[in-house]
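Structure file final-v5.pdb (PDB, C-alpha atoms) is printed below.
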```
ATOM      1  CA  MET A1141       0.000   0.000   0.000
ATOM      2  CA  THR A1142       2.831   2.432   0.886
ATOM      3  CA  ASP A1143       4.752   2.011  -2.399
ATOM      4  CA  ARG A1144       1.552   2.227  -4.423
ATOM      5  CA  THR A1145       0.481   5.439  -2.623
ATOM      6  CA  LYS A1146       3.918   6.991  -3.117
ATOM      7  CA  ASN A1147       3.840   6.101  -6.820
ATOM      8  CA  SER A1148       0.373   7.618  -7.176
ATOM      9  CA  LEU A1149       1.657  10.853  -5.565
ATOM     10  CA  ALA A1150       4.607  10.981  -7.974
ATOM     11  CA  ASN A1151       2.334  10.373 -10.979
ATOM     12  CA  TRP A1152      -0.076  13.100  -9.869
ATOM     13  CA  CYS A1153       2.800  15.563  -9.363
ATOM     14  CA  GLN A1154       4.052  14.799 -12.883
ATOM     15  CA  GLU A1155       0.592  15.463 -14.341
ATOM     16  CA  ALA A1156       0.326  18.740 -12.408
ATOM     17  CA  MET A1157       3.806  19.944 -13.411
ATOM     18  CA  ASN A1158       3.232  19.081 -17.090
ATOM     19  CA  ALA A1159      -0.375  20.313 -17.352
ATOM     20  CA  THR A1160      -1.010  22.639 -20.337
ATOM     21  CA  ASP A1161      -4.760  23.100 -19.998
ATOM     22  CA  TYR A1162      -4.425  26.367 -18.072
ATOM     23  CA  ASP A1163      -3.187  29.863 -18.930
ATOM     24  CA  LYS A1164      -0.197  29.621 -16.644
ATOM     25  CA  PRO A1165       1.996  26.700 -15.540
ATOM     26  CA  CYS A1166       1.806  25.210 -12.051
ATOM     27  CA  ASP A1167       3.500  27.574  -9.616
ATOM     28  CA  ARG A1168       2.873  25.829  -6.284
ATOM     29  CA  ILE A1169       1.482  22.670  -4.710
ATOM     30  CA  VAL A1170      -0.038  22.720  -1.229
ATOM     31  CA  ILE A1171      -0.622  19.753   1.082
ATOM     32  CA  VAL A1172      -3.472  20.102   3.612
ATOM     33  CA  HIS A1173      -4.785  17.812   6.365
ATOM     34  CA  LEU A1174      -8.518  17.059   6.550
ATOM     35  CA  SER A1175      -9.877  16.667  10.065
ATOM     36  CA  MET A1176     -12.918  14.584  11.038
ATOM     37  CA  GLY A1177     -15.117  17.681  10.915
ATOM     38  CA  GLY A1178     -14.001  18.507   7.386
ATOM     39  CA  THR A1179     -11.659  21.339   8.403
ATOM     40  CA  GLU A1180      -8.605  21.818   6.150
ATOM     41  CA  THR A1181      -5.285  22.565   7.814
ATOM     42  CA  GLU A1182      -2.440  23.704   5.589
ATOM     43  CA  VAL A1183       0.704  21.663   6.259
ATOM     44  CA  ARG A1184       3.306  22.696   3.631
ATOM     45  CA  VAL A1185       3.562  24.768   0.451
ATOM     46  CA  VAL A1186       6.043  23.894  -2.288
ATOM     47  CA  LYS A1187       6.754  26.524  -4.918
ATOM     48  CA  ILE A1188       7.544  25.321  -8.410
ATOM     49  CA  GLY A1189      10.192  27.144 -10.432
ATOM     50  CA  ASN A1190      11.676  29.187  -7.593
ATOM     51  CA  GLY A1191      15.219  28.110  -8.433
ATOM     52  CA  ARG A1192      14.979  24.578  -7.103
ATOM     53  CA  THR A1193      14.483  21.783  -9.577
ATOM     54  CA  TRP A1194      11.880  19.231  -8.528
ATOM     55  CA  THR A1195      11.282  15.913 -10.209
ATOM     56  CA  PRO A1196       7.893  14.201  -9.859
ATOM     57  CA  GLN A1197       9.440  11.366  -7.877
ATOM     58  CA  THR A1198      11.301  13.556  -5.368
ATOM     59  CA  LEU A1199       8.232  15.781  -5.002
ATOM     60  CA  GLY A1200       5.964  12.765  -4.362
ATOM     61  CA  ASP A1201       8.424  11.414  -1.763
ATOM     62  CA  PHE A1202       8.551  14.848  -0.111
ATOM     63  CA  PHE A1203       4.762  15.052   0.311
ATOM     64  CA  TRP A1204       4.605  11.473   1.561
ATOM     65  CA  ASN A1205       7.295  12.090   4.203
ATOM     66  CA  THR A1206       5.589  15.328   5.197
ATOM     67  CA  ALA A1207       2.292  13.487   5.784
ATOM     68  CA  GLN A1208       4.081  10.758   7.763
ATOM     69  CA  THR A1209       5.707  13.342  10.020
ATOM     70  CA  TYR A1210       2.400  15.123  10.557
ATOM     71  CA  CYS A1211       0.713  11.808  11.590
ATOM     72  CA  GLN A1212       3.325  10.722  14.113
ATOM     73  CA  ASP A1213       1.190  11.872  17.049
ATOM     74  CA  LEU A1214      -2.215  11.132  15.503
ATOM     75  CA  ALA A1215      -4.214   7.945  15.798
ATOM     76  CA  ASN A1216      -6.183   6.042  13.171
ATOM     77  CA  THR A1217      -6.083   6.748   9.432
ATOM     78  CA  GLN A1218      -5.637  10.395   8.427
ATOM     79  CA  THR A1219      -6.693  12.028   5.158
ATOM     80  CA  PHE A1220      -4.572  14.572   3.236
ATOM     81  CA  ARG A1221      -5.111  16.463   0.031
ATOM     82  CA  LEU A1222      -2.693  17.853  -2.558
ATOM     83  CA  MET A1223      -3.814  20.991  -4.359
ATOM     84  CA  ALA A1224      -2.071  22.431  -7.447
ATOM     85  CA  PHE A1225      -2.281  26.168  -8.211
ATOM     86  CA  PHE A1226      -1.719  27.729 -11.648
ATOM     87  CA  GLY A1227      -1.264  31.439 -10.858
ATOM     88  CA  ASP A1228      -4.736  31.741  -9.324
ATOM     89  CA  ALA A1229      -6.044  31.917  -5.779
ATOM     90  CA  GLU A1230      -8.086  28.741  -6.235
ATOM     91  CA  PRO A1231      -6.548  25.336  -6.852
ATOM     92  CA  ARG A1232      -7.247  23.743 -10.223
ATOM     93  CA  LEU A1233      -6.175  20.148  -9.425
ATOM     94  CA  ARG A1234      -6.786  18.137  -6.238
ATOM     95  CA  HIS A1235      -5.589  14.707  -5.111
ATOM     96  CA  PRO A1236      -6.637  13.110  -1.784
ATOM     97  CA  PHE A1237      -4.673  10.319  -0.092
ATOM     98  CA  MET A1238      -4.630   8.630   3.307
ATOM     99  CA  VAL A1239      -1.839   7.834   5.755
ATOM    100  CA  ALA A1240      -2.037   5.591   8.817
ATOM    101  CA  GLY A1241      -1.548   7.390  12.108
ATOM    102  CA  GLN A1242       1.583   6.491  14.065
ATOM    103  CA  TYR A1243       0.002   6.738  17.544
ATOM    104  CA  ASP A1244      -2.202   3.900  18.782
ATOM    105  CA  ASN A1245      -4.417   4.987  21.660
ATOM    106  CA  HIS A1246      -6.469   1.767  21.616
ATOM    107  CA  GLY A1247      -9.694   3.737  21.247
ATOM    108  CA  LEU A1248      -9.103   5.801  24.447
ATOM    109  CA  GLY A1249      -8.712   9.225  22.836
ATOM    110  CA  THR A1250     -11.040  12.071  23.730
ATOM    111  CA  GLU A1251     -13.101  14.416  21.588
ATOM    112  CA  PRO A1252     -14.687  17.764  22.475
ATOM    113  CA  PRO A1253     -18.148  17.566  24.177
ATOM    114  CA  THR A1254     -20.009  18.661  21.061
ATOM    115  CA  PRO A1255     -22.271  16.908  18.576
ATOM    116  CA  GLU A1256     -19.326  16.722  16.178
ATOM    117  CA  GLY A1257     -17.148  15.237  18.943
ATOM    118  CA  ARG A1258     -19.812  12.640  19.755
ATOM    119  CA  THR A1259     -19.980  11.681  16.090
ATOM    120  CA  MET A1260     -16.193  11.479  15.843
ATOM    121  CA  GLN A1261     -16.004   9.327  18.988
ATOM    122  CA  THR A1262     -18.719   6.957  17.703
ATOM    123  CA  MET A1263     -16.928   6.578  14.371
ATOM    124  CA  ARG A1264     -13.594   6.006  16.091
ATOM    125  CA  HIS A1265     -15.079   3.378  18.437
ATOM    126  CA  ALA A1266     -16.762   1.602  15.507
ATOM    127  CA  GLU A1267     -13.477   1.646  13.577
ATOM    128  CA  ALA A1268     -11.523   0.251  16.566
ATOM    129  CA  LEU A1269     -14.161  -2.449  17.133
ATOM    130  CA  MET A1270     -14.203  -3.470  13.489
ATOM    131  CA  THR A1271     -10.386  -3.488  13.346
ATOM    132  CA  GLY A1272     -10.216  -5.749  16.425
ATOM    133  CA  MET A1273     -12.851  -8.108  15.023
ATOM    134  CA  LEU A1274     -11.077  -8.366  11.675
ATOM    135  CA  GLN A1275      -7.721  -8.998  13.340
ATOM    136  CA  GLU A1276      -9.278 -11.705  15.528
ATOM    137  CA  ARG A1277     -10.987 -13.316  12.524
ATOM    138  CA  LEU A1278      -7.749 -13.259  10.529
ATOM    139  CA  ALA A1279      -5.866 -14.828  13.443
ATOM    140  CA  ILE A1280      -8.488 -17.595  13.674
ATOM    141  CA  LEU A1281      -8.316 -18.302   9.947
ATOM    142  CA  GLU A1282      -4.544 -18.062   9.719
ATOM    143  CA  MET A1283      -3.874 -21.223  11.754
ATOM    144  CA  PRO A1284      -5.927 -23.663   9.611
ATOM    145  CA  LEU A1285      -4.682 -21.966   6.461
ATOM    146  CA  ARG A1286      -1.088 -22.397   7.628
ATOM    147  CA  THR A1287      -1.817 -26.024   8.523
ATOM    148  CA  MET A1288      -3.404 -26.679   5.126
ATOM    149  CA  ARG A1289      -0.418 -25.147   3.345
ATOM    150  CA  ALA A1290       1.985 -27.288   5.379
ATOM    151  CA  MET A1291      -0.083 -30.434   4.661
ATOM    152  CA  SER A1292      -0.204 -29.607   0.955
ATOM    153  CA  GLU A1293       3.569 -29.105   0.843
ATOM    154  CA  TYR A1294       4.121 -32.356   2.773
ATOM    155  CA  GLN A1295       1.763 -34.262   0.471
ATOM    156  CA  ALA A1296       3.559 -32.923  -2.592
ATOM    157  CA  MET A1297       6.904 -33.962  -1.085
ATOM    158  CA  VAL A1298       5.583 -37.473  -0.290
ATOM    159  CA  MET A1299       4.207 -37.867  -3.803
ATOM    160  CA  GLN A1300       7.523 -36.752  -5.260
ATOM    161  CA  ASP A1301       9.427 -39.210  -3.043
ATOM    162  CA  ASN A1302       7.021 -42.039  -3.974
ATOM    163  CA  HIS A1303       7.446 -41.281  -7.663
ATOM    164  CA  LYS A1304      11.216 -41.295  -7.283
ATOM    165  CA  LEU A1305      11.119 -44.591  -5.325
ATOM    166  CA  ARG A1306       8.884 -46.190  -7.977
ATOM    167  CA  GLU A1307      11.328 -45.194 -10.684
ATOM    168  CA  GLU A1308      14.276 -46.547  -8.672
ATOM    169  CA  ASN A1309      12.419 -49.814  -7.913
ATOM    170  CA  ALA A1310      11.481 -50.240 -11.575
ATOM    171  CA  ALA A1311      15.104 -49.695 -12.596
ATOM    172  CA  PHE A1312      16.305 -52.133  -9.916
ATOM    173  CA  VAL A1313      13.785 -54.801 -10.986
ATOM    174  CA  GLY A1314      14.864 -54.358 -14.594
ATOM    175  CA  VAL A1315      18.521 -54.816 -13.683
ATOM    176  CA  MET A1316      17.732 -57.883 -11.535
ATOM    177  CA  LYS A1317      15.734 -59.434 -14.389
ATOM    178  CA  GLU A1318      18.662 -58.964 -16.738
ATOM    179  CA  VAL A1319      21.105 -60.418 -14.194
ATOM    180  CA  LEU A1320      18.880 -63.423 -13.398
ATOM    181  CA  PHE A1321      18.183 -64.071 -17.076
ATOM    182  CA  GLU A1322      21.876 -63.900 -17.884
ATOM    183  CA  GLU A1323      22.728 -66.196 -14.957
ATOM    184  CA  ALA A1324      20.020 -68.689 -15.965
ATOM    185  CA  SER A1325      21.280 -68.626 -19.549
ATOM    186  CA  LYS A1326      24.847 -69.240 -18.381
ATOM    187  CA  ARG A1327      23.699 -72.077 -16.094
ATOM    188  CA  ALA A1328      21.755 -73.691 -18.925
ATOM    189  CA  ASP A1329      24.786 -73.400 -21.198
ATOM    190  CA  ARG A1330      26.990 -74.980 -18.517
ATOM    191  CA  ASP A1331      24.521 -77.831 -17.996
ATOM    192  CA  LEU A1332      24.352 -78.481 -21.737
ATOM    193  CA  ALA A1333      28.150 -78.395 -21.958
ATOM    194  CA  VAL A1334      28.459 -80.870 -19.058
ATOM    195  CA  LYS A1335      25.903 -83.228 -20.556
ATOM    196  CA  ARG A1336      27.554 -82.994 -23.955
ATOM    197  CA  PHE A1337      30.947 -83.704 -22.385
ATOM    198  CA  GLU A1338      29.565 -86.716 -20.468
ATOM    199  CA  ARG A1339      27.900 -88.090 -23.587
ATOM    200  CA  GLU A1340      31.048 -87.603 -25.660
ATOM    201  CA  SER A1341      33.142 -89.193 -22.885
ATOM    202  CA  LYS A1342      30.874 -92.225 -22.800
ATOM    203  CA  ASP A1343      30.967 -92.441 -26.576
ATOM    204  CA  ARG A1344      34.762 -92.277 -26.561
ATOM    205  CA  GLU A1345      34.920 -94.874 -23.795
ATOM    206  CA  MET A1346      32.656 -97.224 -25.738
ATOM    207  CA  LEU A1347      34.654 -96.595 -28.902
ATOM    208  CA  MET A1348      37.898 -97.441 -27.115
ATOM    209  CA  LYS A1349      36.347-100.672 -25.837
ATOM    210  CA  LEU A1350      35.084-101.646 -29.290
ATOM    211  CA  LEU A1351      38.302-100.599 -31.042
ATOM    212  CA  PRO A1352      40.089-103.969 -30.547
ATOM    213  CA  VAL A1353      37.092-105.821 -32.013
ATOM    214  CA  GLY A1354      36.915-103.498 -34.996
ATOM    215  CA  LEU A1355      40.674-103.617 -35.475
ATOM    216  CA  ASN A1356      40.598-107.378 -36.053
ATOM    217  CA  GLU A1357      37.685-106.987 -38.442
ATOM    218  CA  LEU A1358      39.354-104.184 -40.405
ATOM    219  CA  THR A1359      42.770-105.830 -40.718
ATOM    220  CA  GLY A1360      41.411-109.309 -41.380
ATOM    221  CA  ARG A1361      43.891-110.833 -38.979
ATOM    222  CA  GLU A1362      44.158-111.342 -35.246
ATOM    223  CA  VAL A1363      45.924-108.164 -34.094
ATOM    224  CA  ILE A1364      44.289-108.448 -30.674
ATOM    225  CA  PRO A1365      43.779-111.953 -29.301
ATOM    226  CA  GLN A1366      40.281-112.995 -30.247
ATOM    227  CA  ASN A1367      39.365-114.118 -26.756
ATOM    228  CA  THR A1368      40.371-110.659 -25.426
ATOM    229  CA  ALA A1369      38.322-108.934 -28.107
ATOM    230  CA  ASP A1370      35.339-111.174 -27.373
ATOM    231  CA  SER A1371      35.629-110.449 -23.657
ATOM    232  CA  MET A1372      35.682-106.660 -24.326
ATOM    233  CA  LEU A1373      32.655-106.963 -26.586
ATOM    234  CA  ILE A1374      30.702-108.919 -23.990
ATOM    235  CA  ASP A1375      31.682-106.462 -21.240
ATOM    236  CA  THR A1376      30.520-103.545 -23.357
ATOM    237  CA  ILE A1377      27.212-105.218 -24.068
ATOM    238  CA  ALA A1378      26.805-106.149 -20.411
ATOM    239  CA  GLU A1379      27.331-102.559 -19.269
ATOM    240  CA  HIS A1380      24.368-101.494 -21.386
ATOM    241  CA  LEU A1381      22.029-104.248 -20.253
ATOM    242  CA  ASP A1382      19.948-104.479 -17.116
ATOM    243  CA  GLU A1383      17.775-107.158 -15.594
ATOM    244  CA  THR A1384      14.704-105.916 -17.427
ATOM    245  CA  SER A1385      16.497-106.092 -20.777
ATOM    246  CA  VAL A1386      17.716-109.637 -20.025
ATOM    247  CA  GLN A1387      14.199-110.640 -18.937
ATOM    248  CA  LYS A1388      12.772-109.329 -22.206
ATOM    249  CA  LEU A1389      15.426-111.199 -24.192
ATOM    250  CA  MET A1390      14.609-114.405 -22.300
ATOM    251  CA  GLU A1391      10.897-113.953 -22.929
ATOM    252  CA  SER A1392      11.566-113.402 -26.619
ATOM    253  CA  GLY A1393      13.617-116.593 -26.787
ATOM    254  CA  ALA A1394      16.674-114.753 -28.128
ATOM    255  CA  ILE A1395      18.795-115.938 -25.149
ATOM    256  CA  PRO A1396      18.632-119.518 -24.079
ATOM    257  CA  PRO A1397      17.909-120.032 -20.356
ATOM    258  CA  ALA A1398      21.239-121.775 -19.954
ATOM    259  CA  LEU A1399      23.089-118.567 -20.823
ATOM    260  CA  VAL A1400      21.136-116.290 -18.452
ATOM    261  CA  GLY A1401      23.294-117.149 -15.439
ATOM    262  CA  VAL A1402      26.499-116.401 -17.379
ATOM    263  CA  LEU A1403      25.081-113.078 -18.623
ATOM    264  CA  MET A1404      23.926-112.085 -15.120
ATOM    265  CA  SER A1405      27.384-112.890 -13.769
ATOM    266  CA  ARG A1406      28.917-110.648 -16.409
ATOM    267  CA  LEU A1407      26.370-107.976 -15.602
ATOM    268  CA  ARG A1408      27.219-108.138 -11.873
ATOM    269  CA  LYS A1409      30.948-107.921 -12.604
ATOM    270  CA  SER A1410      30.436-104.921 -14.912
ATOM    271  CA  LEU A1411      28.318-103.195 -12.267
ATOM    272  CA  GLU A1412      30.982-103.697  -9.606
ATOM    273  CA  GLU A1413      33.625-102.199 -11.884
ATOM    274  CA  LYS A1414      31.398 -99.221 -12.639
ATOM    275  CA  ARG A1415      30.712 -98.785  -8.921
ATOM    276  CA  LYS A1416      34.422 -98.808  -8.147
ATOM    277  CA  ARG A1417      35.089 -96.186 -10.837
ATOM    278  CA  HIS A1418      32.276 -94.095  -9.378
ATOM    279  CA  GLU A1419      33.754 -94.296  -5.864
ATOM    280  CA  ASP A1420      37.124 -93.147  -7.190
ATOM    281  CA  ALA A1421      35.479 -90.251  -9.084
ATOM    282  CA  LEU A1422      33.447 -89.411  -5.952
ATOM    283  CA  ALA A1423      36.650 -89.205  -3.901
ATOM    284  CA  ARG A1424      38.111 -86.836  -6.480
ATOM    285  CA  GLY A1425      34.919 -84.717  -6.456
ATOM    286  CA  GLU A1426      34.148 -85.400 -10.117
ATOM    287  CA  GLU A1427      30.767 -87.096  -9.443
ATOM    288  CA  THR A1428      28.018 -87.087  -6.817
ATOM    289  CA  GLU A1429      25.901 -89.751  -5.114
ATOM    290  CA  ALA A1430      23.185 -89.182  -7.709
ATOM    291  CA  ASP A1431      25.572 -90.526 -10.372
ATOM    292  CA  ALA A1432      25.947 -93.906  -8.640
ATOM    293  CA  PRO A1433      25.287 -96.853 -11.029
ATOM    294  CA  GLN A1434      22.075 -98.790 -10.417
ATOM    295  CA  LEU A1435      21.245-102.212 -11.708
ATOM    296  CA  THR A1436      17.496-102.065 -12.224
ATOM    297  CA  GLU A1437      14.310-101.229 -10.370
ATOM    298  CA  GLY A1438      13.685-104.923  -9.857
ATOM    299  CA  GLY A1439      17.294-106.030  -9.238
ATOM    300  CA  THR A1440      19.668-105.912  -6.300
ATOM    301  CA  ALA A1441      23.026-104.296  -5.754
ATOM    302  CA  ASP A1442      24.800-107.566  -6.378
ATOM    303  CA  GLY A1443      23.082-107.983  -9.737
ATOM    304  CA  THR A1444      20.800-110.901  -8.715
ATOM    305  CA  SER A1445      17.146-110.924  -9.466
ATOM    306  CA  SER A1446      14.540-110.235  -6.810
ATOM    307  CA  HIS A1447      12.039-112.541  -8.530
TER
END
```

As structure tokens, how would this structure be written, given the file I've shared?
Amino acid sequence: MTDRTKNSLANWCQEAMNATDYDKPCDRIVIVHLSMGGTETEVRVVKIGNGRTWTPQTLGDFFWNTAQTYCQDLANTQTFRLMAFFGDAEPRLRHPFMVAGQYDNHGLGTEPPTPEGRTMQTMRHAEALMTGMLQERLAILEMPLRTMRAMSEYQAMVMQDNHKLREENAAFVGVMKEVLFEEASKRADRDLAVKRFERESKDREMLMKLLPVGLNELTGREVIPQNTADSMLIDTIAEHLDETSVQKLMESGAIPPALVGVLMSRLRKSLEEKRKRHEDALARGEETEADAPQLTEGGTADGTSSH
């Protein structure tokens, strides 16, 4: 309010100093105080063009400071008026403005015992009462308004933090998915490589066992003693047979009953050798208990039938 009032005073002074609607230019500006009864009291007179150069801004500040000084011992809001003269006895331009009094008597001031004084006292009491009621109402409303502003700011901060946490969680989940997928892919590749190595190892082992038999067949002569080659061939076949396979062969009539005992003996011997190799590999940590050789679901550890 103060800056706006001071600016309005400076603007009015500029209009008065630059006015060309009159026969003569502005020669003086007077500031007067208006009392409650309407009486005008002259406060200051400023002559224009008397050797001192006034700008509208400095002139507006001067009148404002003059009114402030005049109100330092007055209570309530006081009214002033600027009047511009253009070489005549009567002012041609007028501009009222108000300034708050600097003295607060809390409504305890006195007025003369006249009808005008009674009216002034009633108006002053009504103004003090209304001012107190408005201040009380503003104080009552200020607390919930301050609380609502604080809650709104806190809610905005919580929402911002939640949004940031959701973004961080989404990024973390994405990274974990990539890591788990990559780890699962690597594990699957390792498992496939292990199974491929085991299969190739078994194939090479079988090939090495069948090599002596094939060598005699390819060369057409007995490079390896035939009984040794036959024994290797039977051992290889026995390692790939179980009791169920032998039972099926017996039922089909492909193996005579007289040879079943010999084949089961070979099967038991092959199983014992495989078990011994497994125990050695288990001691070296190359295999686990799950890799232990089993005869059949219906057989026993010693290779005999449970039937």

*Using only C-alpha atoms, find all polymer residues with an atom at most 8 Å away from the point (-7.0, 19.0, -3.6); report them as an MDAnalysis selection string.*
chainID A and resid 1171 1221:1224 1231 1233:1236

*How far is it from atom CA of Val1315 of chain A to atom CA of Arg1327 of chain A, in Å with one decimal?*
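We find that atom CA of Val1315 of chain A and atom CA of Arg1327 of chain A lie 18.2 Å from each other.
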
*asked:* List as a PyMOL selection string the protein and nucleic acid residues near Tyr1210 of chain A, meaning an atom at most 10 Å away when all atoms listed in the file are counted, but skip any in the same chain fewer than 5 places from it.
replied: chain A and resi 1173+1183+1204-1205+1218+1239+1241-1242

C-alpha atoms of the current selection, written as an mmCIF file, in the coordinates of the input:
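Final file, result-v3.cif:
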```
data_model
loop_
_atom_site.group_PDB
_atom_site.id
_atom_site.type_symbol
_atom_site.label_atom_id
_atom_site.label_comp_id
_atom_site.auth_asym_id
_atom_site.auth_seq_id
_atom_site.Cartn_x
_atom_site.Cartn_y
_atom_site.Cartn_z
ATOM 1 C CA HIS A 1173 -4.785 17.812 6.365
ATOM 2 C CA VAL A 1183 0.704 21.663 6.259
ATOM 3 C CA TRP A 1204 4.605 11.473 1.561
ATOM 4 C CA ASN A 1205 7.295 12.090 4.203
ATOM 5 C CA GLN A 1218 -5.637 10.395 8.427
ATOM 6 C CA VAL A 1239 -1.839 7.834 5.755
ATOM 7 C CA GLY A 1241 -1.548 7.390 12.108
ATOM 8 C CA GLN A 1242 1.583 6.491 14.065
#
```

_Atomic distance atom CA of Asn1151 of chain A - atom CA of Gln1212 of chain A, expressed in Å with one decimal_ =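 Distance between the two atoms: 25.1 Å.
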
*Residues in the PyMOL selection byres ((chain A and resi 1157-1162) around 9), expressed as a PyMOL selection string*: chain A and resi 1152-1156+1163-1167+1188+1196+1224+1226+1232

Generate a file of the selected residues that holds C-alpha atoms, formatted as a tab-separated table (two decimals), in the coordinates of the input.
```
chain	number	residue	atom	x	y	z
A	1152	TRP	CA	-0.08	13.10	-9.87
A	1153	CYS	CA	2.80	15.56	-9.36
A	1154	GLN	CA	4.05	14.80	-12.88
A	1155	GLU	CA	0.59	15.46	-14.34
A	1156	ALA	CA	0.33	18.74	-12.41
A	1163	ASP	CA	-3.19	29.86	-18.93
A	1164	LYS	CA	-0.20	29.62	-16.64
A	1165	PRO	CA	2.00	26.70	-15.54
A	1166	CYS	CA	1.81	25.21	-12.05
A	1167	ASP	CA	3.50	27.57	-9.62
A	1188	ILE	CA	7.54	25.32	-8.41
A	1196	PRO	CA	7.89	14.20	-9.86
A	1224	ALA	CA	-2.07	22.43	-7.45
A	1226	PHE	CA	-1.72	27.73	-11.65
A	1232	ARG	CA	-7.25	23.74	-10.22
```
